[in-house]
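All remarks here apply to the structure that follows.
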Amino acid sequence: MDSARIKGLMDLLAESDLLELSLTEGDSTLRLFKQAGQVITSVAPTVIAAPKTATPVASAAVEIKASLYGVLHLTPAVGEAPFVTVGQAIEAGQTVAVIEAMKMFHPVKAKVAGKLVEILAQAGVEVEAGQALFRLD
């Protein structure tokens, strides 16, 4: 990631109402935090371990939550079929929605396999980080 792009992201964060911005490219992650009017930068390599087999799901319902604040999109594009529908079997790692934040789209992925029993948020609405979006059984 070049310094001009990082500087541009820092300026965007400083001018916005957001308190945190995270961007991953390749094996690097850039995290920007805003505290008391200052922007703090943290760059670290990302280590992602993919499970070799599907993670077993307990009998209790599991929620898929938003990882960040933004606008929820349940379809890949306007007029296209939704990523998932109620009653559908979901695999671990499957994209179930995307969240748009600062004109960037972040996939929302299931961490475990299960059956989608409920969609808890509407398309096109703003969601909070940590907000439950889907329920799997």
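Every chain in the structure tokens takes a letter, A first, then B, and so on in the order presented; its residues are numbered from 1, and the ligands are numbered from 1 following the presented order.
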Worksheet entry | helix (DSSP H, G or I) residues, from DSSP on the backbone, in chain A, as a list in words | Ser3, Ala4, Arg5, Ile6, Lys7, Gly8, Leu9, Met10, Asp11, Leu12, Leu13, Ala14 and Glu15 of chain A
Practice prompt. Report the residues of chain A whose backbone DSSP state falls under strand (DSSP E or B), written as number ranges by chain.
Written response: A: 20-25, 28-35, 38-45, 62-65, 70-73, 89-90, 95-101, 104-109, 114-119, 126-127, 132-136
Item to complete: Enter the distance from atom CA of Lys34 of chain A to atom CA of Lys65 of chain A, in Å, rounded to one decimal.
Response: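 Atom-to-atom, atom CA of Lys34 of chain A and atom CA of Lys65 of chain A are spaced 23.1 Å apart.
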Would you tabulate, counting only C-alpha atoms, all residues of segment 51-103 of chain A that have an atom at most 8 Å from an atom of segment 123-133 of chain A, showing the closest pair of atoms and their distance in Å to one decimal, sorted by chain then ascending number, as JSON lines?
```
{"residue": "A:Glu63", "atom": "CA", "partner": "A:Ala132", "partner_atom": "CA", "distance": 5.9}
{"residue": "A:Ile64", "atom": "CA", "partner": "A:Leu133", "partner_atom": "CA", "distance": 5.7}
{"residue": "A:Lys65", "atom": "CA", "partner": "A:Ala132", "partner_atom": "CA", "distance": 4.2}
{"residue": "A:Ala66", "atom": "CA", "partner": "A:Gly130", "partner_atom": "CA", "distance": 5.1}
{"residue": "A:Ser67", "atom": "CA", "partner": "A:Ala129", "partner_atom": "CA", "distance": 5.1}
{"residue": "A:Leu68", "atom": "CA", "partner": "A:Ala129", "partner_atom": "CA", "distance": 4.0}
{"residue": "A:Tyr69", "atom": "CA", "partner": "A:Glu128", "partner_atom": "CA", "distance": 4.4}
{"residue": "A:Gly70", "atom": "CA", "partner": "A:Glu126", "partner_atom": "CA", "distance": 5.3}
{"residue": "A:Val71", "atom": "CA", "partner": "A:Glu126", "partner_atom": "CA", "distance": 4.3}
{"residue": "A:Leu72", "atom": "CA", "partner": "A:Gly124", "partner_atom": "CA", "distance": 5.4}
{"residue": "A:His73", "atom": "CA", "partner": "A:Ala123", "partner_atom": "CA", "distance": 5.2}
{"residue": "A:Leu74", "atom": "CA", "partner": "A:Ala123", "partner_atom": "CA", "distance": 5.6}
```
Worksheet item: What lies within 6 Å of segment 11-24 of chain A using only C-alpha atoms, ignoring chain neighbours under 6 positions off, as a VMD selection string?
Response: chain A and resid 30 to 34
Worksheet item: Hey, which of A:Ser3, A:Ala97, A:Gly8, A:Gly26 ends up closest to Pro82 of chain A? Count only C-alpha atoms.
Response: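 Looking at the shortest contact to Pro82 of chain A, the residue is A:Ala97.
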If we count only C-alpha atoms and set the cut-off at 6 Å, which residues sit around segment 110-122 of chain A, ignoring sequence neighbours fewer than 3 positions away in its own chain? Please answer as a PDB file with all heavy atoms, in the first residue's frame.
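Full text of out-v8.pdb as output:
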```pdb
ATOM      1  N   THR A  55     -17.336 -26.307  10.036  1.00  0.00           N
ATOM      2  CA  THR A  55     -17.443 -26.259  11.483  1.00  0.00           C
ATOM      3  C   THR A  55     -18.813 -26.771  11.892  1.00  0.00           C
ATOM      4  O   THR A  55     -19.827 -26.326  11.362  1.00  0.00           O
ATOM      5  CB  THR A  55     -17.276 -24.805  11.966  1.00  0.00           C
ATOM      6  OG1 THR A  55     -16.061 -24.299  11.439  1.00  0.00           O
ATOM      7  CG2 THR A  55     -17.274 -24.718  13.471  1.00  0.00           C
ATOM      8  N   VAL A  86     -34.232 -17.360   3.289  1.00  0.00           N
ATOM      9  CA  VAL A  86     -34.648 -18.118   4.472  1.00  0.00           C
ATOM     10  C   VAL A  86     -34.922 -19.564   4.064  1.00  0.00           C
ATOM     11  O   VAL A  86     -35.529 -19.827   3.030  1.00  0.00           O
ATOM     12  CB  VAL A  86     -35.896 -17.481   5.118  1.00  0.00           C
ATOM     13  CG1 VAL A  86     -36.436 -18.353   6.235  1.00  0.00           C
ATOM     14  CG2 VAL A  86     -35.566 -16.089   5.640  1.00  0.00           C
ATOM     15  N   GLY A  87     -34.415 -20.493   4.870  1.00  0.00           N
ATOM     16  CA  GLY A  87     -34.572 -21.914   4.597  1.00  0.00           C
ATOM     17  C   GLY A  87     -33.391 -22.526   3.859  1.00  0.00           C
ATOM     18  O   GLY A  87     -33.265 -23.741   3.772  1.00  0.00           O
ATOM     19  N   GLN A  88     -32.508 -21.698   3.357  1.00  0.00           N
ATOM     20  CA  GLN A  88     -31.355 -22.167   2.591  1.00  0.00           C
ATOM     21  C   GLN A  88     -30.262 -22.696   3.508  1.00  0.00           C
ATOM     22  O   GLN A  88     -30.035 -22.175   4.597  1.00  0.00           O
ATOM     23  CB  GLN A  88     -30.809 -20.999   1.757  1.00  0.00           C
ATOM     24  CG  GLN A  88     -29.592 -21.316   0.930  1.00  0.00           C
ATOM     25  CD  GLN A  88     -29.118 -20.102   0.128  1.00  0.00           C
ATOM     26  OE1 GLN A  88     -29.834 -19.130  -0.031  1.00  0.00           O
ATOM     27  NE2 GLN A  88     -27.897 -20.171  -0.364  1.00  0.00           N
ATOM     28  N   ALA A  89     -29.581 -23.752   3.075  1.00  0.00           N
ATOM     29  CA  ALA A  89     -28.415 -24.270   3.799  1.00  0.00           C
ATOM     30  C   ALA A  89     -27.235 -23.347   3.518  1.00  0.00           C
ATOM     31  O   ALA A  89     -26.958 -23.015   2.368  1.00  0.00           O
ATOM     32  CB  ALA A  89     -28.099 -25.686   3.362  1.00  0.00           C
ATOM     33  N   ILE A  90     -26.546 -22.927   4.566  1.00  0.00           N
ATOM     34  CA  ILE A  90     -25.417 -22.006   4.463  1.00  0.00           C
ATOM     35  C   ILE A  90     -24.147 -22.763   4.832  1.00  0.00           C
ATOM     36  O   ILE A  90     -24.124 -23.511   5.798  1.00  0.00           O
ATOM     37  CB  ILE A  90     -25.596 -20.808   5.423  1.00  0.00           C
ATOM     38  CG1 ILE A  90     -26.935 -20.110   5.210  1.00  0.00           C
ATOM     39  CG2 ILE A  90     -24.433 -19.829   5.309  1.00  0.00           C
ATOM     40  CD1 ILE A  90     -27.117 -19.491   3.852  1.00  0.00           C
ATOM     41  N   GLU A  91     -23.095 -22.556   4.066  1.00  0.00           N
ATOM     42  CA  GLU A  91     -21.803 -23.176   4.346  1.00  0.00           C
ATOM     43  C   GLU A  91     -20.914 -22.186   5.095  1.00  0.00           C
ATOM     44  O   GLU A  91     -21.045 -20.973   4.928  1.00  0.00           O
ATOM     45  CB  GLU A  91     -21.116 -23.575   3.039  1.00  0.00           C
ATOM     46  CG  GLU A  91     -21.857 -24.620   2.237  1.00  0.00           C
ATOM     47  CD  GLU A  91     -21.171 -24.932   0.922  1.00  0.00           C
ATOM     48  OE1 GLU A  91     -19.994 -24.542   0.753  1.00  0.00           O
ATOM     49  OE2 GLU A  91     -21.812 -25.552   0.080  1.00  0.00           O
ATOM     50  N   ALA A  92     -20.003 -22.706   5.899  1.00  0.00           N
ATOM     51  CA  ALA A  92     -19.038 -21.853   6.579  1.00  0.00           C
ATOM     52  C   ALA A  92     -18.212 -21.116   5.528  1.00  0.00           C
ATOM     53  O   ALA A  92     -17.757 -21.709   4.556  1.00  0.00           O
ATOM     54  CB  ALA A  92     -18.135 -22.685   7.489  1.00  0.00           C
ATOM     55  N   GLY A  93     -18.049 -19.813   5.694  1.00  0.00           N
ATOM     56  CA  GLY A  93     -17.284 -19.002   4.748  1.00  0.00           C
ATOM     57  C   GLY A  93     -18.108 -18.426   3.609  1.00  0.00           C
ATOM     58  O   GLY A  93     -17.605 -17.630   2.820  1.00  0.00           O
ATOM     59  N   GLN A  94     -19.366 -18.803   3.510  1.00  0.00           N
ATOM     60  CA  GLN A  94     -20.226 -18.319   2.421  1.00  0.00           C
ATOM     61  C   GLN A  94     -20.609 -16.860   2.660  1.00  0.00           C
ATOM     62  O   GLN A  94     -20.949 -16.458   3.767  1.00  0.00           O
ATOM     63  CB  GLN A  94     -21.497 -19.173   2.340  1.00  0.00           C
ATOM     64  CG  GLN A  94     -22.458 -18.747   1.249  1.00  0.00           C
ATOM     65  CD  GLN A  94     -23.662 -19.664   1.161  1.00  0.00           C
ATOM     66  OE1 GLN A  94     -23.658 -20.771   1.685  1.00  0.00           O
ATOM     67  NE2 GLN A  94     -24.691 -19.215   0.478  1.00  0.00           N
ATOM     68  N   LEU A 133     -27.503  -9.754  12.063  1.00  0.00           N
ATOM     69  CA  LEU A 133     -28.108  -9.594  10.743  1.00  0.00           C
ATOM     70  C   LEU A 133     -28.889 -10.832  10.302  1.00  0.00           C
ATOM     71  O   LEU A 133     -29.911 -10.723   9.629  1.00  0.00           O
ATOM     72  CB  LEU A 133     -27.019  -9.314   9.701  1.00  0.00           C
ATOM     73  CG  LEU A 133     -26.110  -8.124   9.976  1.00  0.00           C
ATOM     74  CD1 LEU A 133     -25.019  -8.037   8.927  1.00  0.00           C
ATOM     75  CD2 LEU A 133     -26.917  -6.839  10.028  1.00  0.00           C
ATOM     76  N   PHE A 134     -28.390 -12.023  10.666  1.00  0.00           N
ATOM     77  CA  PHE A 134     -28.990 -13.279  10.271  1.00  0.00           C
ATOM     78  C   PHE A 134     -28.973 -14.240  11.446  1.00  0.00           C
ATOM     79  O   PHE A 134     -28.123 -14.141  12.322  1.00  0.00           O
ATOM     80  CB  PHE A 134     -28.195 -13.935   9.116  1.00  0.00           C
ATOM     81  CG  PHE A 134     -28.107 -13.089   7.881  1.00  0.00           C
ATOM     82  CD1 PHE A 134     -27.047 -12.225   7.698  1.00  0.00           C
ATOM     83  CD2 PHE A 134     -29.060 -13.167   6.891  1.00  0.00           C
ATOM     84  CE1 PHE A 134     -26.940 -11.438   6.561  1.00  0.00           C
ATOM     85  CE2 PHE A 134     -28.972 -12.393   5.752  1.00  0.00           C
ATOM     86  CZ  PHE A 134     -27.913 -11.527   5.582  1.00  0.00           C
ATOM     87  N   ARG A 135     -29.904 -15.205  11.434  1.00  0.00           N
ATOM     88  CA  ARG A 135     -29.902 -16.253  12.445  1.00  0.00           C
ATOM     89  C   ARG A 135     -29.886 -17.599  11.742  1.00  0.00           C
ATOM     90  O   ARG A 135     -30.674 -17.859  10.840  1.00  0.00           O
ATOM     91  CB  ARG A 135     -31.129 -16.148  13.329  1.00  0.00           C
ATOM     92  CG  ARG A 135     -31.119 -17.153  14.478  1.00  0.00           C
ATOM     93  CD  ARG A 135     -32.156 -16.873  15.546  1.00  0.00           C
ATOM     94  NE  ARG A 135     -31.833 -15.635  16.248  1.00  0.00           N
ATOM     95  CZ  ARG A 135     -32.670 -14.613  16.363  1.00  0.00           C
ATOM     96  NH1 ARG A 135     -33.864 -14.674  15.860  1.00  0.00           N
ATOM     97  NH2 ARG A 135     -32.316 -13.523  17.011  1.00  0.00           N
ATOM     98  N   LEU A 136     -28.905 -18.437  12.132  1.00  0.00           N
ATOM     99  CA  LEU A 136     -28.775 -19.788  11.595  1.00  0.00           C
ATOM    100  C   LEU A 136     -29.182 -20.789  12.654  1.00  0.00           C
ATOM    101  O   LEU A 136     -28.985 -20.555  13.844  1.00  0.00           O
ATOM    102  CB  LEU A 136     -27.318 -20.076  11.191  1.00  0.00           C
ATOM    103  CG  LEU A 136     -26.678 -19.188  10.137  1.00  0.00           C
ATOM    104  CD1 LEU A 136     -25.243 -19.624   9.918  1.00  0.00           C
ATOM    105  CD2 LEU A 136     -27.453 -19.221   8.849  1.00  0.00           C
ATOM    106  N   ASP A 137     -29.698 -21.916  12.209  1.00  0.00           N
ATOM    107  CA  ASP A 137     -30.053 -22.982  13.135  1.00  0.00           C
ATOM    108  C   ASP A 137     -29.311 -24.232  12.745  1.00  0.00           C
ATOM    109  O   ASP A 137     -28.963 -24.449  11.623  1.00  0.00           O
ATOM    110  CB  ASP A 137     -31.564 -23.207  13.093  1.00  0.00           C
ATOM    111  CG  ASP A 137     -32.065 -23.912  14.329  1.00  0.00           C
ATOM    112  OD1 ASP A 137     -31.352 -23.926  15.332  1.00  0.00           O
ATOM    113  OD2 ASP A 137     -33.179 -24.447  14.239  1.00  0.00           O
TER     114      ASP A 137
END
```
Worksheet item: Quick one, how far is atom CA of Val108 of chain A from atom CA of Gly79 of chain A?
Response: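 Separation between atom CA of Val108 of chain A and atom CA of Gly79 of chain A: 19.6 Å.
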